[in-house]
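Containing compact mmCIF, C-alpha atoms: run-v2.txt.
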```
# COMPACT_ATOMS: atom_id res chain seq x y z
CA MET A 1 65.60 -3.66 30.52
CA PRO A 2 63.90 -0.80 32.38
CA GLN A 3 61.77 1.50 30.30
CA PRO A 4 62.12 5.27 30.60
CA THR A 5 59.38 6.91 32.59
CA PRO A 6 57.53 9.54 30.60
CA ARG A 7 57.95 13.05 31.92
CA LYS A 8 54.98 14.64 33.61
CA ASP A 9 56.28 18.18 33.33
CA PRO A 10 57.55 20.24 30.39
CA LEU A 11 61.33 20.35 29.84
CA PHE A 12 62.88 23.79 29.81
CA THR A 13 66.20 24.52 28.16
CA VAL A 14 68.10 27.53 26.84
CA THR A 15 69.56 27.99 23.36
CA ALA A 16 71.61 31.15 22.93
CA ASP A 17 69.26 33.85 24.18
CA THR A 18 66.02 31.85 23.75
CA LEU A 19 64.13 29.90 26.39
CA VAL A 20 62.63 26.72 24.88
CA ALA A 21 59.86 24.70 26.54
CA VAL A 22 59.31 21.15 25.25
CA ASP A 23 56.20 19.27 26.37
CA PHE A 24 56.80 15.50 26.38
CA ARG A 25 53.46 14.66 27.94
CA PRO A 26 51.44 12.20 25.80
CA ARG A 27 48.42 13.43 23.94
CA THR A 28 45.37 12.19 25.77
CA GLY A 29 42.84 13.16 23.14
CA ASN A 30 40.57 15.07 25.45
CA ARG A 31 38.64 16.56 22.54
CA PRO A 32 35.06 15.35 22.87
CA PRO A 33 33.63 13.42 19.93
CA GLY A 34 31.52 15.35 17.47
CA PRO A 35 27.74 15.16 17.52
CA TYR A 36 27.50 12.83 14.53
CA ARG A 37 30.14 10.51 15.96
CA ARG A 38 28.19 10.33 19.22
CA LEU A 39 25.03 9.72 17.24
CA LEU A 40 26.41 6.73 15.36
CA ALA A 41 27.82 5.33 18.61
CA VAL A 42 24.27 4.53 19.76
CA PRO A 43 23.97 0.72 19.87
CA GLY A 44 22.53 -0.60 16.62
CA ALA A 45 22.57 2.80 14.90
CA ARG A 46 25.25 2.02 12.34
CA ALA A 47 23.64 -1.25 11.30
CA PHE A 48 20.17 0.13 10.57
CA THR A 49 21.65 3.29 9.05
CA ALA A 50 23.72 1.27 6.56
CA GLY A 51 20.70 -0.74 5.43
CA ASN A 52 18.50 2.35 5.26
CA LEU A 53 21.00 4.30 3.16
CA LEU A 54 21.30 1.38 0.75
CA ALA A 55 17.51 1.24 0.42
CA ARG A 56 17.23 5.03 0.16
CA LEU A 57 19.81 5.45 -2.64
CA PRO A 58 17.38 4.22 -5.35
CA MET A 59 15.01 7.07 -4.45
CA GLY A 60 17.36 9.31 -6.42
CA MET A 61 17.69 6.77 -9.22
CA PHE A 62 14.20 5.70 -10.21
CA SER A 63 12.88 8.92 -11.75
CA VAL A 64 16.04 9.64 -13.75
CA SER A 65 16.26 6.02 -14.90
CA ALA A 66 12.61 5.99 -15.95
CA VAL A 67 12.89 9.27 -17.86
CA VAL A 68 16.02 8.14 -19.72
CA MET A 69 14.59 4.69 -20.45
CA ILE A 70 11.14 5.83 -21.61
CA ALA A 71 12.30 8.89 -23.55
CA GLY A 72 14.95 6.83 -25.32
CA ALA A 73 12.51 4.09 -26.29
CA ARG A 74 9.45 6.22 -27.11
CA GLY A 75 11.09 9.52 -28.11
CA SER A 76 8.88 11.66 -25.87
CA TYR A 77 9.87 13.52 -22.73
CA ALA A 78 6.21 14.41 -22.22
CA LEU A 79 5.34 10.72 -21.93
CA ALA A 80 8.33 10.06 -19.68
CA GLY A 81 7.42 12.97 -17.43
CA ALA A 82 3.77 11.92 -17.32
CA VAL A 83 4.67 8.34 -16.35
CA THR A 84 6.96 9.42 -13.52
CA ALA A 85 4.38 11.98 -12.43
CA THR A 86 1.73 9.24 -12.25
CA GLY A 87 3.98 7.07 -10.12
CA LEU A 88 4.79 9.91 -7.76
CA ALA A 89 1.14 10.91 -7.51
CA ALA A 90 0.23 7.32 -6.68
CA THR A 91 2.96 7.31 -4.02
CA ALA A 92 1.53 10.50 -2.55
CA VAL A 93 -1.81 8.71 -2.14
CA VAL A 94 -0.47 5.35 -0.94
CA ALA A 95 2.35 6.61 1.32
CA PRO A 96 0.17 7.71 4.27
CA TRP A 97 -1.71 4.41 4.15
CA THR A 98 1.55 2.43 4.08
CA ALA A 99 3.00 4.51 6.93
CA ARG A 100 -0.14 3.94 9.00
CA LEU A 101 0.22 0.17 8.51
CA VAL A 102 3.90 0.35 9.47
CA ASP A 103 3.06 2.21 12.68
CA ARG A 104 0.26 -0.22 13.49
CA HIS A 105 1.95 -3.54 12.68
CA GLY A 106 5.69 -2.81 12.77
CA GLN A 107 8.34 -1.86 10.23
CA ALA A 108 9.64 -5.33 9.36
CA ARG A 109 6.20 -6.87 9.00
CA ILE A 110 4.91 -4.29 6.52
CA ALA A 111 7.97 -2.72 4.87
CA VAL A 112 9.46 -5.92 3.44
CA PRO A 113 6.39 -7.14 1.48
CA ALA A 114 5.60 -3.57 0.41
CA THR A 115 9.13 -3.20 -0.94
CA ALA A 116 8.91 -6.54 -2.76
CA LEU A 117 5.71 -5.38 -4.48
CA ALA A 118 7.38 -2.11 -5.51
CA ALA A 119 10.37 -4.02 -6.92
CA LEU A 120 8.00 -6.12 -9.02
CA GLY A 121 6.48 -2.89 -10.35
CA SER A 122 9.92 -1.71 -11.46
CA LEU A 123 10.56 -5.03 -13.16
CA ALA A 124 7.21 -4.79 -14.95
CA LEU A 125 8.07 -1.30 -16.17
CA VAL A 126 11.35 -2.54 -17.65
CA LEU A 127 9.58 -5.38 -19.44
CA CYS A 128 6.86 -3.11 -20.82
CA VAL A 129 9.41 -0.65 -22.20
CA HIS A 130 11.61 -3.39 -23.62
CA LEU A 131 8.69 -5.22 -25.25
CA HIS A 132 7.12 -1.98 -26.62
CA ALA A 133 3.89 -2.56 -24.72
CA PRO A 134 1.07 0.01 -24.94
CA ALA A 135 1.64 3.30 -23.16
CA TRP A 136 -0.98 2.61 -20.48
CA THR A 137 1.08 -0.35 -19.23
CA LEU A 138 3.91 2.05 -18.41
CA PHE A 139 1.60 4.10 -16.21
CA ALA A 140 0.23 1.00 -14.49
CA SER A 141 3.68 -0.50 -13.88
CA TYR A 142 5.20 2.66 -12.47
CA ALA A 143 2.13 3.24 -10.28
CA ALA A 144 2.75 -0.18 -8.70
CA THR A 145 6.00 1.18 -7.24
CA ALA A 146 3.90 3.46 -4.99
CA THR A 147 4.02 0.82 -2.25
CA THR A 148 7.68 1.70 -1.60
CA PRO A 149 7.87 2.54 2.13
CA ASN A 150 9.14 5.91 3.28
CA THR A 151 12.64 4.72 4.20
CA GLY A 152 13.70 8.10 5.52
CA GLY A 153 10.60 8.32 7.70
CA MET A 154 11.21 4.87 9.18
CA SER A 155 14.80 5.80 9.97
CA ARG A 156 13.65 9.00 11.70
CA ALA A 157 11.13 6.93 13.68
CA ARG A 158 13.95 4.72 14.93
CA TRP A 159 15.98 7.73 16.01
CA ALA A 160 12.96 9.13 17.85
CA HIS A 161 12.57 5.78 19.63
CA LEU A 162 16.25 5.47 20.55
CA LEU A 163 16.78 9.11 21.56
CA LYS A 164 13.52 9.75 23.36
CA GLY A 165 13.97 12.62 25.82
CA ASP A 166 17.26 13.82 24.31
CA ASP A 167 16.20 16.78 22.19
CA ARG A 168 19.76 17.79 21.34
CA ALA A 169 20.69 14.36 20.00
CA LEU A 170 17.37 14.09 18.17
CA HIS A 171 18.05 17.40 16.44
CA THR A 172 21.43 16.02 15.33
CA ALA A 173 19.71 12.87 14.06
CA ASN A 174 17.19 14.89 12.05
CA SER A 175 20.01 16.95 10.53
CA PHE A 176 21.86 13.76 9.66
CA GLU A 177 18.76 12.32 7.97
CA GLN A 178 18.28 15.47 5.91
CA ALA A 179 21.91 15.28 4.79
CA ALA A 180 21.40 11.60 3.96
CA ASP A 181 18.42 12.50 1.79
CA GLU A 182 20.49 15.05 -0.11
CA LEU A 183 23.39 12.60 -0.44
CA CYS A 184 21.15 9.94 -1.95
CA PHE A 185 19.59 12.41 -4.36
CA MET A 186 23.12 13.57 -5.21
CA LEU A 187 24.57 10.12 -5.91
CA GLY A 188 21.39 8.49 -7.26
CA PRO A 189 21.09 10.52 -10.48
CA VAL A 190 24.82 10.09 -11.18
CA LEU A 191 24.61 6.33 -10.76
CA ALA A 192 21.40 6.11 -12.78
CA ALA A 193 22.74 8.17 -15.68
CA PHE A 194 26.00 6.21 -15.66
CA LEU A 195 24.27 2.83 -15.73
CA CYS A 196 21.75 3.82 -18.41
CA GLY A 197 24.38 5.49 -20.59
CA THR A 198 27.19 2.96 -20.17
CA PHE A 199 25.33 -0.34 -20.27
CA PHE A 200 21.70 -0.29 -21.45
CA PRO A 201 18.71 1.99 -20.77
CA GLU A 202 17.05 -0.46 -18.37
CA ALA A 203 20.16 -0.89 -16.19
CA GLY A 204 19.34 2.02 -13.87
CA THR A 205 15.86 0.77 -12.99
CA LEU A 206 17.00 -2.84 -12.50
CA THR A 207 19.91 -1.84 -10.25
CA GLY A 208 17.67 0.46 -8.23
CA ALA A 209 15.17 -2.34 -7.60
CA VAL A 210 17.93 -4.68 -6.39
CA LEU A 211 19.41 -2.04 -4.09
CA LEU A 212 15.99 -1.15 -2.69
CA LEU A 213 15.05 -4.73 -1.84
CA THR A 214 18.50 -5.62 -0.46
CA GLY A 215 18.74 -2.50 1.69
CA MET A 216 15.23 -2.97 3.07
CA LEU A 217 15.97 -6.57 4.05
CA LEU A 218 19.10 -5.45 5.90
CA PHE A 219 17.24 -2.57 7.55
CA ALA A 220 14.30 -4.69 8.66
CA ALA A 221 16.65 -7.34 10.09
CA GLN A 222 17.80 -4.88 12.79
CA ARG A 223 14.95 -5.69 15.16
CA SER A 224 16.66 -4.35 18.31
CA THR A 225 16.25 -0.75 17.17
CA GLU A 226 12.77 -1.09 15.68
CA PRO A 227 10.17 1.05 17.45
CA PRO A 228 7.25 -0.86 18.95
CA ALA A 229 4.10 -1.15 16.88
CA ARG A 230 1.18 1.05 17.86
CA ARG A 231 -2.19 -0.65 17.57
CA HIS A 232 -4.05 2.65 17.78
CA GLY A 233 -3.27 6.31 17.36
CA GLY A 234 -3.18 8.84 20.11
CA GLY A 235 -5.95 11.15 21.07
CA ALA A 236 -4.45 14.08 19.22
CA GLY A 237 -6.17 15.48 16.17
CA SER A 238 -5.07 15.01 12.61
CA PRO A 239 -1.81 16.82 11.75
CA PHE A 240 -3.45 18.16 8.61
CA ARG A 241 -5.86 20.18 10.77
CA ALA A 242 -3.18 21.50 13.12
CA PRO A 243 -2.79 25.32 13.12
CA GLY A 244 -0.34 26.42 10.46
CA MET A 245 0.02 23.01 8.80
CA PRO A 246 -1.97 23.54 5.58
CA PRO A 247 0.23 26.43 4.35
CA LEU A 248 3.35 24.45 5.24
CA LEU A 249 2.11 21.52 3.19
CA ALA A 250 1.40 23.93 0.33
CA VAL A 251 5.02 25.12 0.58
CA CYS A 252 6.12 21.46 0.39
CA LEU A 253 3.94 21.02 -2.72
CA ALA A 254 5.52 24.02 -4.47
CA THR A 255 9.04 23.02 -3.40
CA GLY A 256 8.47 19.51 -4.75
CA ALA A 257 7.48 21.07 -8.08
CA VAL A 258 10.89 22.75 -8.12
CA PHE A 259 12.64 19.40 -7.72
CA GLY A 260 10.47 17.48 -10.19
CA SER A 261 10.62 20.02 -12.99
CA MET A 262 14.35 20.65 -12.53
CA GLU A 263 15.09 16.95 -12.95
CA VAL A 264 13.20 16.50 -16.23
CA VAL A 265 14.31 19.81 -17.71
CA THR A 266 17.98 19.24 -16.87
CA ILE A 267 17.95 15.79 -18.49
CA ALA A 268 16.30 17.22 -21.60
CA PHE A 269 18.80 20.10 -21.77
CA ALA A 270 21.77 17.73 -21.45
CA ASP A 271 20.28 15.51 -24.14
CA ALA A 272 19.86 18.50 -26.46
CA GLN A 273 23.55 19.30 -25.94
CA GLY A 274 24.48 15.71 -26.83
CA HIS A 275 25.51 14.78 -23.27
CA ARG A 276 22.57 12.84 -21.84
CA SER A 277 24.82 10.73 -19.57
CA ALA A 278 26.16 13.91 -17.95
CA ALA A 279 22.72 14.93 -16.70
CA GLY A 280 23.20 12.90 -13.53
CA VAL A 281 26.41 14.75 -12.70
CA VAL A 282 24.72 18.11 -13.22
CA LEU A 283 21.81 17.14 -10.97
CA ALA A 284 24.28 15.82 -8.41
CA LEU A 285 25.95 19.22 -8.24
CA GLN A 286 22.63 20.81 -7.36
CA ALA A 287 22.12 18.25 -4.58
CA ALA A 288 25.72 18.79 -3.42
CA GLY A 289 25.10 22.51 -3.05
CA SER A 290 21.91 21.81 -1.13
CA CYS A 291 23.62 19.27 1.15
CA ALA A 292 26.57 21.54 1.97
CA ALA A 293 24.39 24.59 2.59
CA GLY A 294 21.97 22.55 4.70
CA LEU A 295 24.75 21.27 6.96
CA LEU A 296 26.21 24.75 7.32
CA PHE A 297 22.77 26.21 7.98
CA GLY A 298 22.13 23.63 10.68
CA ALA A 299 25.39 24.50 12.43
CA LEU A 300 24.65 28.22 12.64
CA PRO A 301 23.47 29.62 16.01
CA LEU A 302 20.16 30.85 14.66
CA THR A 303 17.80 32.95 16.75
CA GLY A 304 14.16 33.83 16.38
CA PRO A 305 11.22 31.67 15.29
CA ALA A 306 11.58 29.33 12.34
CA SER A 307 8.37 30.73 10.85
CA ALA A 308 10.13 34.08 10.38
CA ARG A 309 13.14 32.44 8.68
CA LEU A 310 11.12 30.46 6.15
CA PRO A 311 10.24 33.39 3.83
CA TRP A 312 13.89 34.45 3.71
CA CYS A 313 15.00 30.93 2.79
CA VAL A 314 12.35 30.60 0.08
CA ALA A 315 13.18 34.09 -1.23
CA ALA A 316 16.84 33.08 -1.58
CA MET A 317 15.79 29.90 -3.39
CA THR A 318 13.59 31.87 -5.77
CA ALA A 319 16.34 34.39 -6.53
CA LEU A 320 19.02 31.74 -7.14
CA LEU A 321 16.78 29.65 -9.39
CA ILE A 322 16.82 32.52 -11.85
CA LEU A 323 20.48 31.69 -12.55
CA PRO A 324 19.77 28.44 -14.49
CA LEU A 325 16.96 30.20 -16.35
CA LEU A 326 19.46 32.83 -17.51
CA ALA A 327 22.43 30.52 -18.07
CA ALA A 328 20.64 27.99 -20.29
CA PRO A 329 19.47 30.23 -23.16
CA LEU A 330 22.29 32.79 -22.98
CA ALA A 331 25.26 30.43 -23.02
CA GLY A 332 23.81 27.07 -23.99
CA SER A 333 26.71 25.51 -22.12
CA LEU A 334 26.24 22.46 -19.89
CA PRO A 335 29.24 23.29 -17.63
CA LEU A 336 27.91 26.80 -17.06
CA LEU A 337 24.49 25.39 -16.29
CA ALA A 338 26.10 22.98 -13.82
CA VAL A 339 27.69 25.90 -11.95
CA ALA A 340 24.37 27.75 -11.93
CA LEU A 341 22.58 24.69 -10.51
CA LEU A 342 25.29 24.24 -7.87
CA ILE A 343 24.72 27.80 -6.67
CA ALA A 344 20.94 27.50 -6.92
CA GLY A 345 21.00 24.31 -4.86
CA MET A 346 22.56 26.14 -1.94
CA ALA A 347 19.19 27.67 -1.09
CA THR A 348 17.08 24.50 -1.24
CA GLY A 349 18.83 22.84 1.72
CA PRO A 350 18.05 25.62 4.25
CA THR A 351 14.52 25.81 2.89
CA MET A 352 13.92 22.11 3.48
CA VAL A 353 15.50 22.16 6.95
CA THR A 354 13.34 25.09 8.03
CA THR A 355 10.17 23.62 6.52
CA MET A 356 10.65 20.24 8.19
CA THR A 357 11.44 21.92 11.51
CA LEU A 358 8.14 23.78 11.35
CA VAL A 359 6.28 20.60 10.39
CA GLN A 360 7.71 18.79 13.43
CA ARG A 361 6.83 21.65 15.77
CA ARG A 362 3.26 21.99 14.52
CA THR A 363 2.44 18.30 14.41
CA PRO A 364 0.31 17.24 17.39
CA GLU A 365 2.05 15.13 20.01
CA GLY A 366 2.04 11.44 19.21
CA ARG A 367 1.39 11.99 15.48
CA LEU A 368 4.90 12.91 14.30
CA ASN A 369 5.19 10.08 11.78
CA GLU A 370 1.87 11.02 10.23
CA GLY A 371 2.86 14.67 10.08
CA MET A 372 6.18 13.91 8.41
CA THR A 373 4.41 11.58 5.98
CA LEU A 374 2.04 14.39 5.02
CA ALA A 375 5.04 16.64 4.34
CA VAL A 376 6.66 13.96 2.17
CA THR A 377 3.32 13.43 0.42
CA GLY A 378 3.22 17.14 -0.38
CA LEU A 379 6.73 16.97 -1.78
CA LEU A 380 5.89 13.93 -3.91
CA GLY A 381 2.74 15.55 -5.21
CA GLY A 382 4.76 18.62 -6.16
CA ILE A 383 7.42 16.50 -7.84
CA ALA A 384 4.70 14.79 -9.87
CA CYS A 385 3.21 18.11 -11.00
CA GLY A 386 6.66 19.53 -11.71
CA SER A 387 7.73 16.50 -13.74
CA ALA A 388 4.63 16.64 -15.93
CA THR A 389 4.81 20.41 -16.38
CA GLY A 390 8.52 20.34 -17.10
CA GLY A 391 8.14 17.58 -19.68
CA TRP A 392 5.31 19.43 -21.42
CA THR A 393 7.34 22.66 -21.52
CA VAL A 394 10.37 20.90 -22.96
CA ASP A 395 8.36 19.23 -25.73
CA HIS A 396 6.25 22.27 -26.67
CA LEU A 397 8.74 25.10 -26.07
CA SER A 398 12.40 24.25 -25.46
CA PRO A 399 14.67 22.74 -22.78
CA ALA A 400 16.03 26.21 -21.97
CA ALA A 401 12.54 27.60 -21.47
CA GLY A 402 11.79 24.67 -19.19
CA PHE A 403 13.97 26.21 -16.47
CA GLY A 404 11.25 28.78 -16.01
CA VAL A 405 9.05 26.08 -14.42
CA PRO A 406 11.17 25.58 -11.23
CA ALA A 407 11.65 29.35 -10.91
CA THR A 408 7.89 29.86 -11.10
CA ALA A 409 7.24 27.10 -8.56
CA ALA A 410 9.71 28.72 -6.17
CA ALA A 411 7.92 32.07 -6.58
CA VAL A 412 4.63 30.36 -5.66
CA ALA A 413 6.28 28.88 -2.56
CA LEU A 414 7.51 32.36 -1.65
CA MET A 415 4.03 33.85 -1.83
CA ILE A 416 2.63 31.05 0.33
CA SER A 417 5.39 31.39 2.93
CA LEU A 418 4.90 35.16 3.09
CA THR A 419 1.16 34.69 3.63
CA GLN A 420 1.87 32.12 6.33
CA CYS A 421 4.35 34.45 8.06
CA ILE A 422 1.88 37.36 7.99
CA ASN A 423 -0.88 35.18 9.43
CA THR A 424 1.46 33.96 12.18
CA VAL A 425 2.35 37.52 13.16
CA THR A 426 -1.29 38.57 13.05
CA ASP A 427 -2.33 35.66 15.25
CA SER A 428 0.44 36.46 17.74
CA ASN A 429 -0.55 40.12 17.95
CA SER A 430 -4.23 39.31 18.36
CA ARG A 431 -3.71 36.98 21.34
CA PRO A 432 -4.71 38.54 24.67
CA MET A 433 -1.90 39.35 27.07
CA HIS A 434 -1.84 37.35 30.31
```

This structure in structure tokens:
Amino acid sequence: MPQPTPRKDPLFTVTADTLVAVDFRPRTGNRPPGPYRRLLAVPGARAFTAGNLLARLPMGMFSVSAVVMIAGARGSYALAGAVTATGLAATAVVAPWTARLVDRHGQARIAVPATALAALGSLALVLCVHLHAPAWTLFASYAATATTPNTGGMSRARWAHLLKGDDRALHTANSFEQAADELCFMLGPVLAAFLCGTFFPEAGTLTGAVLLLTGMLLFAAQRSTEPPARRHGGGAGSPFRAPGMPPLLAVCLATGAVFGSMEVVTIAFADAQGHRSAAGVVLALQAAGSCAAGLLFGALPLTGPASARLPWCVAAMTALLILPLLAAPLAGSLPLLAVALLIAGMATGPTMVTTMTLVQRRTPEGRLNEGMTLAVTGLLGGIACGSATGGWTVDHLSPAAGFGVPATAAAVALMISLTQCINTVTDSNSRPMH
């Protein structure tokens, strides 16, 4: 039976006094795919991204799980904060060394055994808490997890290898990785609090270790997208000595203190309200606000240098972090605090995007991985300081007063960014005209 031939032209007809045009032409779907869809269409991208996300999710679980587990068993948020701070500080020291080995010998060859060692450290921490071992064993066990590779950094290195020469696509990849970081830190605390509150206090740490090792094995198995190992570094100088890098790393340190203190203080506040298991949801709302604002910020057609935008972003973060400080003592309501943290989180995303953009631009050519590792090291060092300070404030003052710690850290970041912006303008004005 012959099939009707589709019309190539619109059909015109008349009803009463109205001319009607009906277009029977098939939809061809000429709309070009979005940037993220094009990004994930790169051969091998989805496979290594899936494994990396699975390995990265525990990064948002371990600190919350450790705080809940240790504070519940030992009755001290100061001890819990100090243990997590020690582990993060150890990571800040070990991370550049691990990243250098990964660059020199390859991701699969170094990342898998390093991850296995970190998983054993998590298992040792669980056993020490469960068996009521001396406090120093908690510090030693959590410090052993410092060998965990920088999963986000390795993923960014793969994108840089696959998209070499395509700056537009690489910018999309960096935005995607930042959103992935926020997503993991949004879902990780929720999962950790749920596991620790629903099953047993050690469940969050055990699950995180399994996810980390499984995800890393899947990620390392994707050898086709792995960047080649570099037996020696380039001739460029150290990123730490690059012009403008030290103040940027100081901003990372202060911003990390915001994250670390906010985590411990929020858990303590939720516990004081009798809703410890809800702390993960509250922290997830902060990460959700940061993720949404970061994606929107990245889509805006911004003009002008990033160095001039950084103080504005940090100023917004400082102003919005006053909201939790006001909401906690005035209302004492966890839902109100959750709303305040959601709004406050909307400024952290743009701040991180702008800071990382400046780090990439100021890192010497051929040393991008090292420069990004230094930025992450600064963040981890700040998180360690913030966790310890937040835990001490909660124990010696109150959970509500603890929200003054992240607000103060943000104010310090603002002063540093303003100084950096002034120095940049001064340097630009003092350069001779050609």

So that I can check the surroundings of A:Phe176, please list as a PyMOL selection string every protein, DNA and RNA residue that reaches within 10 Å of it, counting only C-alpha atoms and ignoring chain neighbours fewer than 6 positions away. chain A and resi 35-36+39+156+170+182+295+298

Nearby residues (all atoms listed in the file) at most 12 Å from A:Ala50, same-chain spacing under 4 positions excluded, as a VMD selection string: chain A and resid 40 44 to 46 54 to 57 151 155 180 211 214 to 222

Could you list, as a PyMOL selection string, every residue within 10 Å of A:Cys196, counting all atoms listed in the file and ignoring same-chain residues fewer than 2 positions away? chain A and resi 64-66+68-69+191-194+198-205+276-277

Name the residues in contact with stretch 356-358 of chain A at a cut-off of 8 Å, using only C-alpha atoms, excluding same-chain residues fewer than 6 positions from it; report them as a CSV table (one decimal) with C-alpha atoms, in the coordinates of the input.
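See result-v8.csv below for the written result:
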```
chain,number,residue,atom,x,y,z
A,248,LEU,CA,3.4,24.4,5.2
A,306,ALA,CA,11.6,29.3,12.3
A,307,SER,CA,8.4,30.7,10.8
A,372,MET,CA,6.2,13.9,8.4
A,375,ALA,CA,5.0,16.6,4.3
```

By how many Å are atom CA of A:Met317 and atom CA of A:Ala347 apart? 4.7 Å

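Counting all atoms listed in the file and comparing A:Met346, A:Leu374, A:Cys184, A:Leu323, the residue that lies closest to A:Pro239 is A:Leu374.
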
Rounded to one decimal in Å, what is the spacing between atom CA of A:Leu213 and atom CA of A:Ala179? 22.2 Å

Taking the structure in the block just given, could you write stretch 210-222 of chain A with N, CA and C atoms, as a PDB file, in the first residue's frame?
```pdb
ATOM      1  N   VAL A 210      34.307   2.242  50.890  1.00  0.00           N
ATOM      2  CA  VAL A 210      33.959   1.313  49.804  1.00  0.00           C
ATOM      3  C   VAL A 210      33.718   2.087  48.498  1.00  0.00           C
ATOM      4  N   LEU A 211      32.993   3.187  48.591  1.00  0.00           N
ATOM      5  CA  LEU A 211      32.728   3.992  47.401  1.00  0.00           C
ATOM      6  C   LEU A 211      34.014   4.569  46.820  1.00  0.00           C
ATOM      7  N   LEU A 212      34.902   5.024  47.690  1.00  0.00           N
ATOM      8  CA  LEU A 212      36.152   5.611  47.233  1.00  0.00           C
ATOM      9  C   LEU A 212      36.989   4.588  46.467  1.00  0.00           C
ATOM     10  N   LEU A 213      37.164   3.417  47.041  1.00  0.00           N
ATOM     11  CA  LEU A 213      37.996   2.403  46.403  1.00  0.00           C
ATOM     12  C   LEU A 213      37.356   1.887  45.116  1.00  0.00           C
ATOM     13  N   THR A 214      36.043   1.656  45.126  1.00  0.00           N
ATOM     14  CA  THR A 214      35.358   1.172  43.934  1.00  0.00           C
ATOM     15  C   THR A 214      35.410   2.199  42.802  1.00  0.00           C
ATOM     16  N   GLY A 215      35.110   3.455  43.128  1.00  0.00           N
ATOM     17  CA  GLY A 215      35.138   4.492  42.112  1.00  0.00           C
ATOM     18  C   GLY A 215      36.520   4.694  41.524  1.00  0.00           C
ATOM     19  N   MET A 216      37.561   4.621  42.369  1.00  0.00           N
ATOM     20  CA  MET A 216      38.917   4.812  41.869  1.00  0.00           C
ATOM     21  C   MET A 216      39.333   3.672  40.949  1.00  0.00           C
ATOM     22  N   LEU A 217      38.924   2.456  41.266  1.00  0.00           N
ATOM     23  CA  LEU A 217      39.232   1.325  40.386  1.00  0.00           C
ATOM     24  C   LEU A 217      38.567   1.498  39.025  1.00  0.00           C
ATOM     25  N   LEU A 218      37.316   1.945  39.021  1.00  0.00           N
ATOM     26  CA  LEU A 218      36.623   2.183  37.753  1.00  0.00           C
ATOM     27  C   LEU A 218      37.265   3.327  36.971  1.00  0.00           C
ATOM     28  N   PHE A 219      37.651   4.382  37.684  1.00  0.00           N
ATOM     29  CA  PHE A 219      38.269   5.535  37.036  1.00  0.00           C
ATOM     30  C   PHE A 219      39.625   5.160  36.434  1.00  0.00           C
ATOM     31  N   ALA A 220      40.437   4.465  37.203  1.00  0.00           N
ATOM     32  CA  ALA A 220      41.768   4.104  36.725  1.00  0.00           C
ATOM     33  C   ALA A 220      41.716   3.105  35.574  1.00  0.00           C
ATOM     34  N   ALA A 221      40.629   2.338  35.474  1.00  0.00           N
ATOM     35  CA  ALA A 221      40.515   1.350  34.397  1.00  0.00           C
ATOM     36  C   ALA A 221      40.335   1.996  33.025  1.00  0.00           C
ATOM     37  N   GLN A 222      39.957   3.266  32.986  1.00  0.00           N
ATOM     38  CA  GLN A 222      39.746   3.962  31.705  1.00  0.00           C
ATOM     39  C   GLN A 222      41.092   4.498  31.214  1.00  0.00           C
TER      40      GLN A 222
END
```
